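This is data.cif. It holds mmCIF, C-alpha atoms.
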```cif
data_structure
loop_
_atom_site.label_atom_id
_atom_site.label_comp_id
_atom_site.auth_asym_id
_atom_site.auth_seq_id
_atom_site.Cartn_x
_atom_site.Cartn_y
_atom_site.Cartn_z
CA MET Y 10 -57.11 36.51 -24.07
CA GLU Y 11 -56.21 34.23 -21.22
CA ALA Y 12 -55.54 35.78 -17.85
CA LYS Y 13 -52.12 35.44 -16.35
CA ILE Y 14 -52.53 37.60 -13.28
CA ILE Y 15 -49.63 39.02 -11.32
CA PRO Y 16 -51.22 40.54 -8.21
CA SER Y 17 -49.32 43.09 -6.15
CA GLY Y 18 -52.00 44.33 -3.76
CA THR Y 19 -55.15 43.18 -2.03
CA GLY Y 20 -57.85 43.75 -4.66
CA GLU Y 21 -61.17 41.98 -4.41
CA GLY Y 22 -61.09 40.26 -7.81
CA GLU Y 23 -63.77 40.05 -10.49
CA VAL Y 24 -67.00 42.00 -10.07
CA THR Y 25 -70.28 41.78 -12.02
CA PRO Y 26 -70.39 44.10 -15.09
CA SER Y 27 -72.18 47.38 -14.46
CA GLY Y 28 -72.46 48.75 -17.97
CA SER Y 29 -69.67 51.32 -17.65
CA TYR Y 30 -66.20 50.96 -19.12
CA ALA Y 31 -62.77 52.48 -18.75
CA LYS Y 32 -62.26 55.70 -20.69
CA GLU Y 33 -59.97 55.60 -23.70
CA LEU Y 34 -57.17 58.16 -23.40
CA LEU Y 35 -54.86 57.40 -26.28
CA SER Y 36 -54.64 55.24 -29.39
CA LEU Y 37 -51.24 54.64 -31.01
CA PRO Y 38 -50.58 52.81 -34.27
CA ALA Y 39 -48.42 49.71 -34.43
CA THR Y 40 -44.83 50.80 -33.73
CA PRO Y 41 -42.44 47.84 -33.60
CA ARG Y 42 -39.49 48.76 -31.40
CA ASP Y 43 -36.55 46.98 -29.87
CA HIS Y 44 -37.26 46.32 -26.19
CA TYR Y 45 -34.56 45.74 -23.62
CA GLN Y 46 -34.70 45.08 -19.90
CA ILE Y 47 -31.36 46.37 -18.64
CA TYR Y 48 -29.81 45.56 -15.27
CA GLN Y 49 -27.30 48.17 -14.08
CA VAL Y 50 -24.48 46.74 -11.97
CA ASN Y 51 -22.46 48.92 -9.62
CA PRO Y 52 -19.31 46.87 -8.83
CA LYS Y 53 -18.74 48.99 -5.72
CA LEU Y 54 -21.74 47.29 -4.10
CA TYR Y 55 -19.80 43.99 -4.11
CA GLY Y 56 -17.23 44.74 -1.42
CA ASN Y 57 -13.56 45.67 -1.47
CA SER Y 58 -12.37 42.90 -3.78
CA GLY Y 59 -13.47 40.24 -6.23
CA ALA Y 60 -16.48 42.05 -7.70
CA PHE Y 61 -16.28 40.33 -11.09
CA GLY Y 62 -16.58 36.87 -9.54
CA LYS Y 63 -19.31 37.97 -7.14
CA ILE Y 64 -21.34 39.47 -9.97
CA GLN Y 65 -20.93 36.26 -11.94
CA SER Y 66 -22.31 34.29 -8.98
CA ARG Y 67 -25.50 36.38 -9.13
CA LEU Y 68 -26.17 35.99 -12.86
CA ASP Y 69 -29.05 33.54 -12.37
CA GLN Y 70 -30.80 36.01 -10.04
CA ILE Y 71 -30.20 38.84 -12.49
CA LYS Y 72 -31.40 36.84 -15.49
CA ALA Y 73 -34.54 35.83 -13.56
CA LEU Y 74 -35.60 39.49 -13.59
CA GLY Y 75 -36.17 39.25 -17.33
CA THR Y 76 -32.78 40.84 -18.02
CA ASP Y 77 -31.72 41.17 -21.63
CA ILE Y 78 -28.63 43.32 -21.02
CA LEU Y 79 -26.15 43.21 -18.15
CA TYR Y 80 -24.79 46.76 -17.91
CA LEU Y 81 -21.59 47.18 -15.90
CA MET Y 82 -20.63 50.59 -14.55
CA PRO Y 83 -16.98 51.48 -15.31
CA VAL Y 84 -14.70 48.48 -14.86
CA TYR Y 85 -11.52 50.42 -15.71
CA SER Y 86 -8.67 51.53 -13.48
CA GLU Y 87 -9.58 54.66 -11.50
CA GLY Y 88 -7.45 57.74 -11.19
CA ARG Y 89 -6.00 58.79 -7.85
CA GLU Y 90 -4.69 62.30 -8.48
CA LYS Y 91 -7.32 64.86 -7.38
CA ALA Y 92 -9.80 61.97 -7.30
CA ILE Y 93 -12.88 61.74 -5.08
CA GLY Y 94 -13.74 58.08 -5.62
CA SER Y 95 -15.71 58.38 -8.85
CA PRO Y 96 -15.61 55.31 -11.11
CA TYR Y 97 -16.04 57.78 -13.99
CA CYS Y 98 -12.52 59.12 -13.36
CA ILE Y 99 -10.62 56.86 -15.75
CA LYS Y 100 -6.86 56.38 -15.47
CA ASP Y 101 -6.49 53.83 -18.26
CA PHE Y 102 -9.22 53.09 -20.79
CA LYS Y 103 -7.72 49.66 -21.55
CA ALA Y 104 -7.02 48.35 -18.05
CA VAL Y 105 -9.36 46.81 -15.49
CA ASN Y 106 -9.78 48.06 -11.93
CA SER Y 107 -7.62 45.56 -10.05
CA SER Y 108 -9.83 45.80 -6.95
CA TYR Y 109 -12.64 44.24 -9.01
CA GLY Y 110 -10.52 41.41 -10.38
CA THR Y 111 -8.39 40.51 -13.39
CA LEU Y 112 -8.97 40.78 -17.11
CA ASP Y 113 -9.46 37.01 -17.27
CA GLN Y 114 -12.10 37.20 -14.53
CA LEU Y 115 -13.87 39.96 -16.42
CA LYS Y 116 -13.81 37.83 -19.57
CA ALA Y 117 -15.26 34.93 -17.59
CA LEU Y 118 -18.09 37.17 -16.35
CA VAL Y 119 -18.89 38.33 -19.88
CA ASN Y 120 -18.81 34.77 -21.24
CA ALA Y 121 -21.04 33.51 -18.43
CA ALA Y 122 -23.59 36.27 -19.12
CA HIS Y 123 -23.56 35.35 -22.81
CA GLU Y 124 -24.15 31.69 -21.95
CA LYS Y 125 -27.26 32.73 -20.01
CA GLY Y 126 -28.60 34.66 -22.98
CA MET Y 127 -27.72 38.17 -21.84
CA LYS Y 128 -25.84 40.82 -23.78
CA VAL Y 129 -23.15 42.75 -21.90
CA MET Y 130 -22.84 46.53 -22.01
CA PHE Y 131 -19.87 48.46 -20.60
CA ASP Y 132 -19.95 52.06 -19.39
CA TRP Y 133 -17.85 54.52 -21.40
CA VAL Y 134 -16.55 57.96 -20.46
CA ALA Y 135 -15.55 59.90 -23.56
CA ASN Y 136 -15.73 63.45 -22.22
CA HIS Y 137 -12.82 63.44 -19.74
CA THR Y 138 -10.06 61.45 -18.04
CA SER Y 139 -8.41 61.33 -14.65
CA TRP Y 140 -5.53 63.71 -13.94
CA ASP Y 141 -3.08 60.79 -13.84
CA ASN Y 142 -4.20 59.28 -17.14
CA VAL Y 143 -1.20 58.60 -19.38
CA TRP Y 144 -2.68 60.90 -22.03
CA ILE Y 145 -2.04 63.88 -19.75
CA THR Y 146 1.72 63.50 -20.23
CA GLU Y 147 1.86 61.78 -23.62
CA HIS Y 148 -0.81 63.89 -25.38
CA PRO Y 149 -1.46 67.11 -23.45
CA GLU Y 150 -2.67 68.62 -26.74
CA TRP Y 151 -5.72 66.30 -26.55
CA TYR Y 152 -7.08 68.37 -23.65
CA GLU Y 153 -8.72 71.75 -23.37
CA HIS Y 154 -6.54 74.41 -21.75
CA LYS Y 155 -7.25 77.48 -19.67
CA ALA Y 156 -5.90 80.94 -20.43
CA ASP Y 157 -2.82 80.28 -18.30
CA GLY Y 158 -1.98 77.18 -20.33
CA SER Y 159 -3.00 74.63 -17.72
CA ILE Y 160 -5.35 71.77 -18.57
CA ALA Y 161 -9.01 72.58 -17.90
CA TRP Y 162 -11.65 70.57 -16.06
CA PRO Y 163 -15.25 70.23 -17.32
CA THR Y 164 -17.45 73.28 -16.64
CA LYS Y 165 -20.43 72.93 -19.02
CA ASP Y 166 -22.77 71.27 -16.51
CA GLY Y 167 -21.09 72.07 -13.23
CA GLU Y 168 -17.44 72.09 -12.27
CA TRP Y 169 -15.97 68.58 -12.17
CA LYS Y 170 -12.52 69.31 -10.81
CA ASP Y 171 -11.59 65.68 -10.28
CA VAL Y 172 -11.29 65.08 -14.05
CA ALA Y 173 -9.58 66.69 -17.05
CA GLN Y 174 -11.56 67.93 -20.08
CA LEU Y 175 -10.74 66.35 -23.44
CA ASP Y 176 -10.72 68.50 -26.59
CA TYR Y 177 -12.56 66.94 -29.53
CA SER Y 178 -11.39 69.58 -31.96
CA LYS Y 179 -8.23 67.44 -32.12
CA LYS Y 180 -8.81 64.62 -34.59
CA GLU Y 181 -5.85 62.68 -33.16
CA LEU Y 182 -7.91 62.27 -30.00
CA TRP Y 183 -10.69 60.66 -32.02
CA ALA Y 184 -8.33 57.91 -33.20
CA GLY Y 185 -7.09 57.25 -29.66
CA MET Y 186 -10.59 57.11 -28.22
CA GLU Y 187 -11.94 54.91 -31.00
CA GLU Y 188 -9.04 52.50 -30.59
CA ALA Y 189 -9.84 52.20 -26.88
CA LEU Y 190 -13.55 51.68 -27.62
CA GLU Y 191 -12.74 48.91 -30.08
CA TYR Y 192 -10.40 47.15 -27.64
CA TRP Y 193 -13.18 45.85 -25.38
CA VAL Y 194 -15.24 44.66 -28.35
CA THR Y 195 -12.41 42.61 -29.86
CA GLU Y 196 -10.67 41.57 -26.62
CA VAL Y 197 -13.65 40.79 -24.37
CA GLY Y 198 -16.57 40.49 -26.79
CA ILE Y 199 -18.94 43.03 -25.28
CA ASP Y 200 -22.19 43.89 -27.05
CA GLY Y 201 -22.65 47.59 -26.36
CA TYR Y 202 -21.75 50.78 -24.50
CA ARG Y 203 -23.70 53.06 -22.23
CA CYS Y 204 -22.01 56.39 -22.91
CA ASP Y 205 -21.70 58.74 -19.96
CA TYR Y 206 -22.60 62.40 -20.56
CA ALA Y 207 -22.90 61.61 -24.27
CA HIS Y 208 -24.21 65.03 -25.32
CA GLY Y 209 -21.03 66.64 -23.92
CA VAL Y 210 -19.06 65.10 -26.80
CA ARG Y 211 -19.23 66.22 -30.43
CA ASP Y 212 -21.93 64.63 -32.57
CA ASP Y 213 -19.58 64.05 -35.50
CA PHE Y 214 -17.24 62.03 -33.27
CA TRP Y 215 -20.09 59.79 -32.17
CA LYS Y 216 -21.26 59.27 -35.74
CA GLU Y 217 -17.81 58.11 -36.78
CA ALA Y 218 -17.10 56.00 -33.69
CA ILE Y 219 -20.50 54.31 -33.66
CA ALA Y 220 -20.25 53.45 -37.35
CA ARG Y 221 -16.88 51.80 -36.68
CA LEU Y 222 -18.20 49.82 -33.71
CA LYS Y 223 -21.26 48.59 -35.59
CA GLY Y 224 -18.98 47.69 -38.51
CA ILE Y 225 -16.89 45.50 -36.20
CA LYS Y 226 -19.91 43.88 -34.54
CA PRO Y 227 -23.26 44.20 -36.34
CA GLY Y 228 -26.07 44.74 -33.86
CA PHE Y 229 -23.77 46.48 -31.39
CA LEU Y 230 -25.94 48.56 -29.04
CA MET Y 231 -25.30 52.16 -28.07
CA LEU Y 232 -27.08 53.81 -25.13
CA ALA Y 233 -26.65 57.55 -24.58
CA GLU Y 234 -26.88 58.99 -21.09
CA SER Y 235 -28.63 61.93 -22.66
CA ASP Y 236 -32.21 63.10 -23.15
CA TYR Y 237 -31.42 64.89 -26.42
CA GLU Y 238 -33.20 63.25 -29.36
CA ARG Y 239 -30.38 64.38 -31.67
CA MET Y 240 -28.35 61.49 -30.21
CA PHE Y 241 -30.51 59.12 -32.26
CA ASN Y 242 -29.10 60.78 -35.39
CA ASP Y 243 -25.59 60.12 -34.10
CA GLY Y 244 -26.28 56.40 -34.21
CA PHE Y 245 -27.42 55.71 -30.64
CA ASP Y 246 -30.08 53.04 -30.32
CA ILE Y 247 -31.40 54.08 -26.90
CA ILE Y 248 -31.38 57.40 -25.05
CA PHE Y 249 -32.32 58.33 -21.50
CA ASP Y 250 -35.83 59.55 -20.70
CA ARG Y 251 -35.69 61.34 -17.36
CA ALA Y 252 -38.98 63.05 -18.19
CA MET Y 253 -40.77 59.69 -17.90
CA LYS Y 254 -39.69 59.44 -14.28
CA ARG Y 255 -40.95 62.94 -13.55
CA GLN Y 256 -44.25 62.14 -15.23
CA VAL Y 257 -44.81 58.97 -13.21
CA ILE Y 258 -43.83 60.66 -9.96
CA ASN Y 259 -46.59 63.14 -10.80
CA LEU Y 260 -49.06 60.30 -11.45
CA VAL Y 261 -48.32 58.67 -8.10
CA GLY Y 262 -48.81 62.09 -6.55
CA GLY Y 263 -52.30 62.38 -8.06
CA GLY Y 264 -51.60 63.93 -11.47
CA ALA Y 265 -54.13 63.51 -14.27
CA LEU Y 266 -53.80 60.28 -16.25
CA SER Y 267 -55.11 62.09 -19.34
CA ASN Y 268 -52.21 64.56 -19.19
CA PHE Y 269 -49.77 61.67 -19.00
CA ALA Y 270 -51.33 60.06 -22.08
CA THR Y 271 -50.96 63.30 -24.07
CA TRP Y 272 -47.32 63.64 -23.01
CA TYR Y 273 -46.58 59.98 -23.74
CA LYS Y 274 -47.82 60.29 -27.33
CA GLY Y 275 -45.49 63.22 -27.97
CA ASP Y 276 -42.61 61.40 -26.32
CA GLN Y 277 -43.14 58.32 -28.48
CA ASP Y 278 -43.23 60.47 -31.61
CA LYS Y 279 -39.69 61.68 -30.80
CA ALA Y 280 -38.17 58.19 -30.83
CA PRO Y 281 -37.72 56.81 -34.36
CA ALA Y 282 -38.61 53.10 -34.35
CA PRO Y 283 -37.07 50.61 -33.85
CA LYS Y 284 -35.06 52.80 -31.46
CA THR Y 285 -36.31 53.42 -27.94
CA LYS Y 286 -36.06 55.65 -24.91
CA LEU Y 287 -34.93 54.28 -21.56
CA TYR Y 288 -37.25 54.39 -18.55
CA PHE Y 289 -36.14 54.00 -14.92
CA ILE Y 290 -37.20 54.90 -11.39
CA THR Y 291 -33.62 55.25 -10.14
CA ASN Y 292 -30.00 54.90 -11.24
CA HIS Y 293 -26.59 55.43 -9.64
CA ASP Y 294 -26.95 59.23 -9.78
CA ASP Y 295 -30.51 59.36 -8.44
CA ALA Y 296 -29.74 56.88 -5.66
CA THR Y 297 -27.21 59.26 -4.09
CA THR Y 298 -29.93 61.70 -3.04
CA ASP Y 299 -33.19 59.73 -2.71
CA THR Y 300 -34.70 56.25 -2.70
CA PRO Y 301 -37.47 54.79 -4.87
CA ALA Y 302 -39.74 54.52 -1.83
CA GLY Y 303 -39.09 58.17 -1.03
CA GLN Y 304 -39.89 59.38 -4.54
CA PHE Y 305 -42.87 57.09 -5.22
CA LYS Y 306 -44.53 57.25 -1.77
CA SER Y 307 -43.63 53.67 -0.71
CA LEU Y 308 -41.85 50.53 -1.89
CA ASP Y 309 -45.10 49.25 -3.41
CA GLY Y 310 -45.56 52.62 -5.12
CA SER Y 311 -42.07 52.37 -6.60
CA LEU Y 312 -42.74 48.85 -7.84
CA ALA Y 313 -46.03 49.92 -9.46
CA ALA Y 314 -44.22 52.84 -11.10
CA TYR Y 315 -41.51 50.59 -12.50
CA VAL Y 316 -43.98 48.00 -13.76
CA LEU Y 317 -45.85 50.72 -15.62
CA MET Y 318 -42.65 52.01 -17.22
CA ALA Y 319 -41.45 48.50 -18.08
CA GLY Y 320 -44.81 47.78 -19.73
CA LEU Y 321 -44.70 50.78 -22.05
CA ASN Y 322 -43.24 50.84 -25.55
CA GLY Y 323 -39.61 51.44 -24.67
CA SER Y 324 -36.66 49.96 -22.83
CA SER Y 325 -36.34 49.92 -19.05
CA MET Y 326 -33.51 49.72 -16.53
CA ILE Y 327 -33.19 48.40 -12.99
CA TYR Y 328 -30.44 49.83 -10.83
CA GLY Y 329 -29.14 46.67 -9.16
CA CYS Y 330 -30.43 47.19 -5.61
CA GLN Y 331 -33.95 48.52 -6.23
CA GLU Y 332 -35.35 45.01 -6.66
CA ALA Y 333 -34.12 44.24 -3.13
CA GLY Y 334 -36.30 46.99 -1.65
CA ASN Y 335 -33.35 49.22 -0.83
CA ASN Y 336 -34.47 52.10 1.43
CA LYS Y 337 -31.18 53.94 1.90
CA THR Y 338 -29.33 56.36 -0.33
CA ILE Y 339 -26.23 54.94 -2.02
CA ASN Y 340 -23.27 57.12 -2.94
CA PHE Y 341 -21.70 55.36 -5.93
CA PHE Y 342 -18.28 56.78 -4.99
CA ASN Y 343 -18.23 54.50 -1.94
CA THR Y 344 -17.56 50.78 -1.69
CA GLN Y 345 -19.91 48.64 0.39
CA THR Y 346 -21.33 45.13 0.55
CA PHE Y 347 -24.99 45.15 -0.39
CA ASN Y 348 -27.51 42.50 0.66
CA TRP Y 349 -29.77 41.47 -2.24
CA ASP Y 350 -31.65 39.00 -0.05
CA ALA Y 351 -32.95 41.54 2.46
CA GLN Y 352 -36.56 41.42 1.22
CA PRO Y 353 -37.09 38.20 -0.75
CA ASP Y 354 -40.87 38.62 -1.05
CA PHE Y 355 -40.46 42.04 -2.64
CA THR Y 356 -37.78 40.73 -5.00
CA GLU Y 357 -40.10 37.90 -5.99
CA LYS Y 358 -42.79 40.44 -6.95
CA TYR Y 359 -40.24 42.08 -9.27
CA ARG Y 360 -39.26 38.73 -10.74
CA LYS Y 361 -42.82 37.60 -11.50
CA ALA Y 362 -43.88 40.95 -12.93
CA LEU Y 363 -40.87 41.40 -15.21
CA GLN Y 364 -41.02 37.84 -16.48
CA ALA Y 365 -44.67 38.38 -17.40
CA LEU Y 366 -44.00 41.74 -19.03
CA ALA Y 367 -41.19 40.21 -21.09
CA LYS Y 368 -43.81 38.08 -22.84
CA LEU Y 369 -45.92 41.03 -24.02
CA ASP Y 370 -45.86 41.55 -27.77
CA ARG Y 371 -45.70 45.33 -28.14
CA SER Y 372 -45.40 45.40 -31.92
CA GLY Y 373 -49.11 46.01 -32.50
CA ALA Y 374 -51.39 48.96 -31.89
CA CYS Y 375 -51.54 50.29 -28.33
CA LYS Y 376 -54.28 52.02 -26.36
CA LEU Y 377 -54.29 53.65 -22.93
CA TYR Y 378 -57.42 53.74 -20.77
CA GLU Y 379 -58.29 55.06 -17.32
CA SER Y 380 -60.80 54.14 -14.67
CA GLY Y 381 -60.41 55.89 -11.34
CA ARG Y 382 -56.66 55.89 -10.69
CA VAL Y 383 -56.11 52.70 -12.65
CA LEU Y 384 -54.19 53.10 -15.91
CA PHE Y 385 -54.65 50.35 -18.51
CA VAL Y 386 -52.09 49.70 -21.28
CA HIS Y 387 -53.45 47.40 -23.99
CA TYR Y 388 -51.48 46.00 -26.93
CA ASP Y 389 -53.73 44.37 -29.49
CA LYS Y 390 -51.13 41.64 -30.14
CA GLY Y 391 -49.65 41.44 -26.70
CA GLY Y 392 -52.01 41.71 -23.76
CA LEU Y 393 -53.17 44.06 -21.03
CA LEU Y 394 -51.43 45.77 -18.10
CA ALA Y 395 -53.45 47.46 -15.34
CA VAL Y 396 -51.79 49.57 -12.63
CA ASN Y 397 -53.42 51.33 -9.69
CA LEU Y 398 -51.30 54.45 -9.21
CA SER Y 399 -52.86 55.40 -5.89
CA ASP Y 400 -52.40 54.32 -2.29
CA LYS Y 401 -56.13 53.57 -1.92
CA ASN Y 402 -58.44 50.78 -3.08
CA VAL Y 403 -60.01 51.67 -6.43
CA GLU Y 404 -63.00 50.04 -8.09
CA ALA Y 405 -62.18 50.12 -11.79
CA SER Y 406 -64.11 49.28 -14.93
CA PHE Y 407 -62.17 47.59 -17.74
CA PRO Y 408 -61.89 48.70 -21.39
CA GLU Y 409 -65.00 47.81 -23.40
CA PRO Y 410 -63.22 45.64 -26.02
CA LEU Y 411 -61.82 43.40 -23.26
CA ALA Y 412 -64.24 43.57 -20.35
CA GLY Y 413 -65.55 40.17 -19.30
CA LYS Y 414 -63.78 38.34 -22.13
CA GLY Y 415 -61.05 35.72 -22.12
CA GLY Y 416 -60.50 35.78 -18.38
CA VAL Y 417 -60.43 39.57 -18.10
CA PRO Y 418 -62.97 40.87 -15.56
CA ALA Y 419 -65.47 43.61 -16.37
CA LYS Y 420 -64.86 45.39 -13.07
CA GLN Y 421 -62.41 44.87 -10.25
CA THR Y 422 -61.35 46.47 -7.00
CA PHE Y 423 -57.61 47.11 -7.08
CA GLY Y 424 -55.70 47.43 -3.84
CA ALA Y 425 -53.18 50.21 -3.22
CA TYR Y 426 -50.57 50.18 -6.01
CA GLN Y 427 -51.87 46.85 -7.27
CA PHE Y 428 -50.99 45.83 -10.80
CA GLU Y 429 -52.02 42.87 -12.92
CA ILE Y 430 -50.97 41.52 -16.29
CA TRP Y 431 -53.01 39.51 -18.80
CA GLU Y 432 -51.18 37.98 -21.72
CA ASN Y 433 -52.61 37.17 -25.14
CA LYS Y 434 -52.74 33.45 -25.76
#
```

Would you write out, as structure tokens, the structure that this file holds?
Amino acid sequence: MEAKIIPSGTGEGEVTPSGSYAKELLSLPATPRDHYQIYQVNPKLYGNSGAFGKIQSRLDQIKALGTDILYLMPVYSEGREKAIGSPYCIKDFKAVNSSYGTLDQLKALVNAAHEKGMKVMFDWVANHTSWDNVWITEHPEWYEHKADGSIAWPTKDGEWKDVAQLDYSKKELWAGMEEALEYWVTEVGIDGYRCDYAHGVRDDFWKEAIARLKGIKPGFLMLAESDYERMFNDGFDIIFDRAMKRQVINLVGGGALSNFATWYKGDQDKAPAPKTKLYFITNHDDATTDTPAGQFKSLDGSLAAYVLMAGLNGSSMIYGCQEAGNNKTINFFNTQTFNWDAQPDFTEKYRKALQALAKLDRSGACKLYESGRVLFVHYDKGGLLAVNLSDKNVEASFPEPLAGKGGVPAKQTFGAYQFEIWENK
């Protein structure tokens, strides 16, 4: 194993072996999975107009973060009736939001991403529409109705009065929704959908729709914004894993690494390979109420947390702003012009770490070890990741099979939230 070290703190480097080694916490068999580094784009962070072109101008920066999939939040026309600015309030499923640009500009963005080796995923909202969606007048029977006969709004997970609740007991709705889903695949050539509030929609609809999409474009990717493992059975390739974020927040707060290892094994068992769960430290919802630095003690703490997640056997997602060291909440209902060059040194740490992690072969057996507050993730085919999850210097011993071999030290002092990566050569 040859060391390719990505330092993030002020550790003191290699130390003479002392005879002690990191403690093994978990051993997992080889589990080949699909791995994706997803970059979530909020077009409302690109000003009042021209978002598609502005996003396209940033594709090299986005790709440099090891991005496999460019995920665009809803690009469709937004409703105005009873609306509160949510991009998930869709007026027309087959029309672009004119404030972002034209259909041709969107096609150019998708083509440019493809040329740079990235897949493109759109956001999809199957559970509801805006109140001024044409379906309201043309197909009122496609909606749920209240006792007084008026169209209902969603109430299962809170009252969302700005949108109208669709009724999936009506098979005619299925055909209309599937036709809209297929439009962006055939017209623009997208490679997948992230499906908003996926578990709010009937499983049998998803099974049928996903089969049709994958029939049109083999390898089409489906990501469910849902933590329910049953979504895998519906045909989704990736599902959300909010529990991972809670677990890592606990680790940064001093929680036992051994407890995390036990949880992680159970969590992996619930994801049928090659499918994966999606790990993240923030997204457009989370960013409205807190920042990564606020949840993970500091910016360096948030970076260490993300590097750990991105190095595990799953997929991971950056919310496009976290790599810039954003330290303010962002309400995704509001338009603003974000500065991605505010903290170039911090962004460079992200770039180097994610490019190194992208080279790890995670198809082989995996073991987790601990020494102090340093968590080691070792793939027998891929390499070694070490992350100090504390805000203090930690002297850590390395795992016995690796210590002092192939450029890996036997002991090392890790600085606060320092992480390093060694790749197999």

Exercise. Can you turn the PyMOL selection byres ((chain Y and resi 222-234) around 6) into a concrete residue list for this file, as a list in words?
Key: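 With the PyMOL selection byres ((chain Y and resi 222-234) around 6) on this model, the match is Asp200, Gly201, Tyr202, Arg203, Cys204, Asp205, Tyr206, Ala207, Ile219, Ala220, Arg221, Ser235, Phe245, Asp246, Ile247, Ile248 and Phe249 of chain Y.
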
Self-check item: Close residues, Y:Tyr48 itself excluded, 8 Å, all atoms listed in the file, min 4 positions apart in chain, as a PyMOL selection string
Solution: chain Y and resi 71+76-80+326-329

Once you have the residues from the selection above, write them out as a short mmCIF file (atom, residue, chain, number, x, y, z; two decimals), keeping the file's coordinate frame, restricted to C-alpha atoms.
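Contents of result04.cif, freshly written:
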```
data_model
loop_
_atom_site.label_atom_id
_atom_site.label_comp_id
_atom_site.auth_asym_id
_atom_site.auth_seq_id
_atom_site.Cartn_x
_atom_site.Cartn_y
_atom_site.Cartn_z
CA ILE Y 71 -30.20 38.84 -12.49
CA THR Y 76 -32.78 40.84 -18.02
CA ASP Y 77 -31.72 41.17 -21.63
CA ILE Y 78 -28.63 43.32 -21.02
CA LEU Y 79 -26.15 43.21 -18.15
CA TYR Y 80 -24.79 46.76 -17.91
CA MET Y 326 -33.51 49.72 -16.53
CA ILE Y 327 -33.19 48.40 -12.99
CA TYR Y 328 -30.44 49.83 -10.83
CA GLY Y 329 -29.14 46.67 -9.16
#
```

Quiz prompt | Computed interatomic separation between atom CA of Y:Pro149 and atom CA of Y:Glu196 (Å) | solution =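 About the pair atom CA of Y:Pro149 and atom CA of Y:Glu196: they are 27.3 Å apart.
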
Exercise. Report the residues retrieved by the PyMOL selection byres ((chain Y and resi 378) around 8) from the displayed file, expressed as a PyMOL selection string.
Key: chain Y and resi 31-35+376-377+379-380+384-386+408

Exercise. List the residues selected by the PyMOL selection byres ((chain Y and resi 134) around 8) in the file shown, writing them as an MDAnalysis selection string.
Key: chainID Y and resid 97 99 132:133 135:138 204:206

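Nearest to Y:Gly413 of all the residues Y:Ala333, Y:Pro83, Y:Tyr30, Y:Leu115 is Y:Tyr30, based on all atoms listed in the file.
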
Quiz prompt | Between atom CA of Y:Lys401 and atom CA of Y:Gln256 - distance in Å to one decimal | solution = 19.8 Å

Self-check item: Of the listed residues Y:Gly262, Y:Lys337, Y:Gly56, Y:Gly391, that which approaches Y:Ala367 most closely, counting only C-alpha atoms
Solution: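 Between Y:Gly262, Y:Lys337, Y:Gly56, Y:Gly391, the residue approaching Y:Ala367 most closely is Y:Gly391.
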
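Interatomic distance, atom CA of Y:Cys98 against atom CA of Y:Ser139: 4.8 Å.
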
Quiz prompt | Residues within 8 Å of Y:Leu363, all atoms listed in the file, excluding chain neighbours under 2 positions, as a list in words | solution = Leu74, Gly75, Val316, Ala319, Tyr359, Arg360, Lys361, Ala365, Leu366 and Ala367 of chain Y

Self-check item: Long-range neighbours of Y:Thr344 as a VMD selection string, 7 Å cut-off, all atoms listed in the file, 3 positions minimum in chain
Solution: chain Y and resid 53 to 54 56 to 57

Mind giving me the axis-aligned box for stretch 351-355 of chain Y with 6 Å on every side, centre plus edges in Å to one decimal, as JSON?
```
{"center_x": -36.9, "center_y": 40.1, "center_z": -0.1, "size_x": 19.9, "size_y": 15.8, "size_z": 17.1}
```

Quiz prompt | Residue contacts of stretch 311-314 of chain Y (6 Å, all atoms listed in the file) excluding same-chain residues fewer than 2 positions away, as a list in words | solution =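 Counting all atoms listed in the file, the residues come to Pro301, Ala302, Phe305, Leu308, Asp309, Val316, Leu317 and Tyr426 of chain Y.
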
Exercise. Return the single residue from Y:Thr356, Y:Asn322, Y:Gln46, Y:Gln277 that is closest to Y:Arg371, with distances computed using only C-alpha atoms.
Key: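 Comparing Y:Thr356, Y:Asn322, Y:Gln46, Y:Gln277 against Y:Arg371, the winner is Y:Asn322.
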
Quiz item: Between Y:Ser95, Y:Thr338, Y:Thr422, Y:Thr195, which one has atoms that come closest to Y:Thr298, using only C-alpha atoms?
Solution: Y:Thr338

Practice problem: May I ask which of the residues Y:Val129, Y:Ala405, Y:Val172, Y:Val257 is the closest one to Y:Ser29, counting all atoms listed in the file? | Solution: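 Answer, going by the shortest atom-to-atom distance: Y:Ala405.
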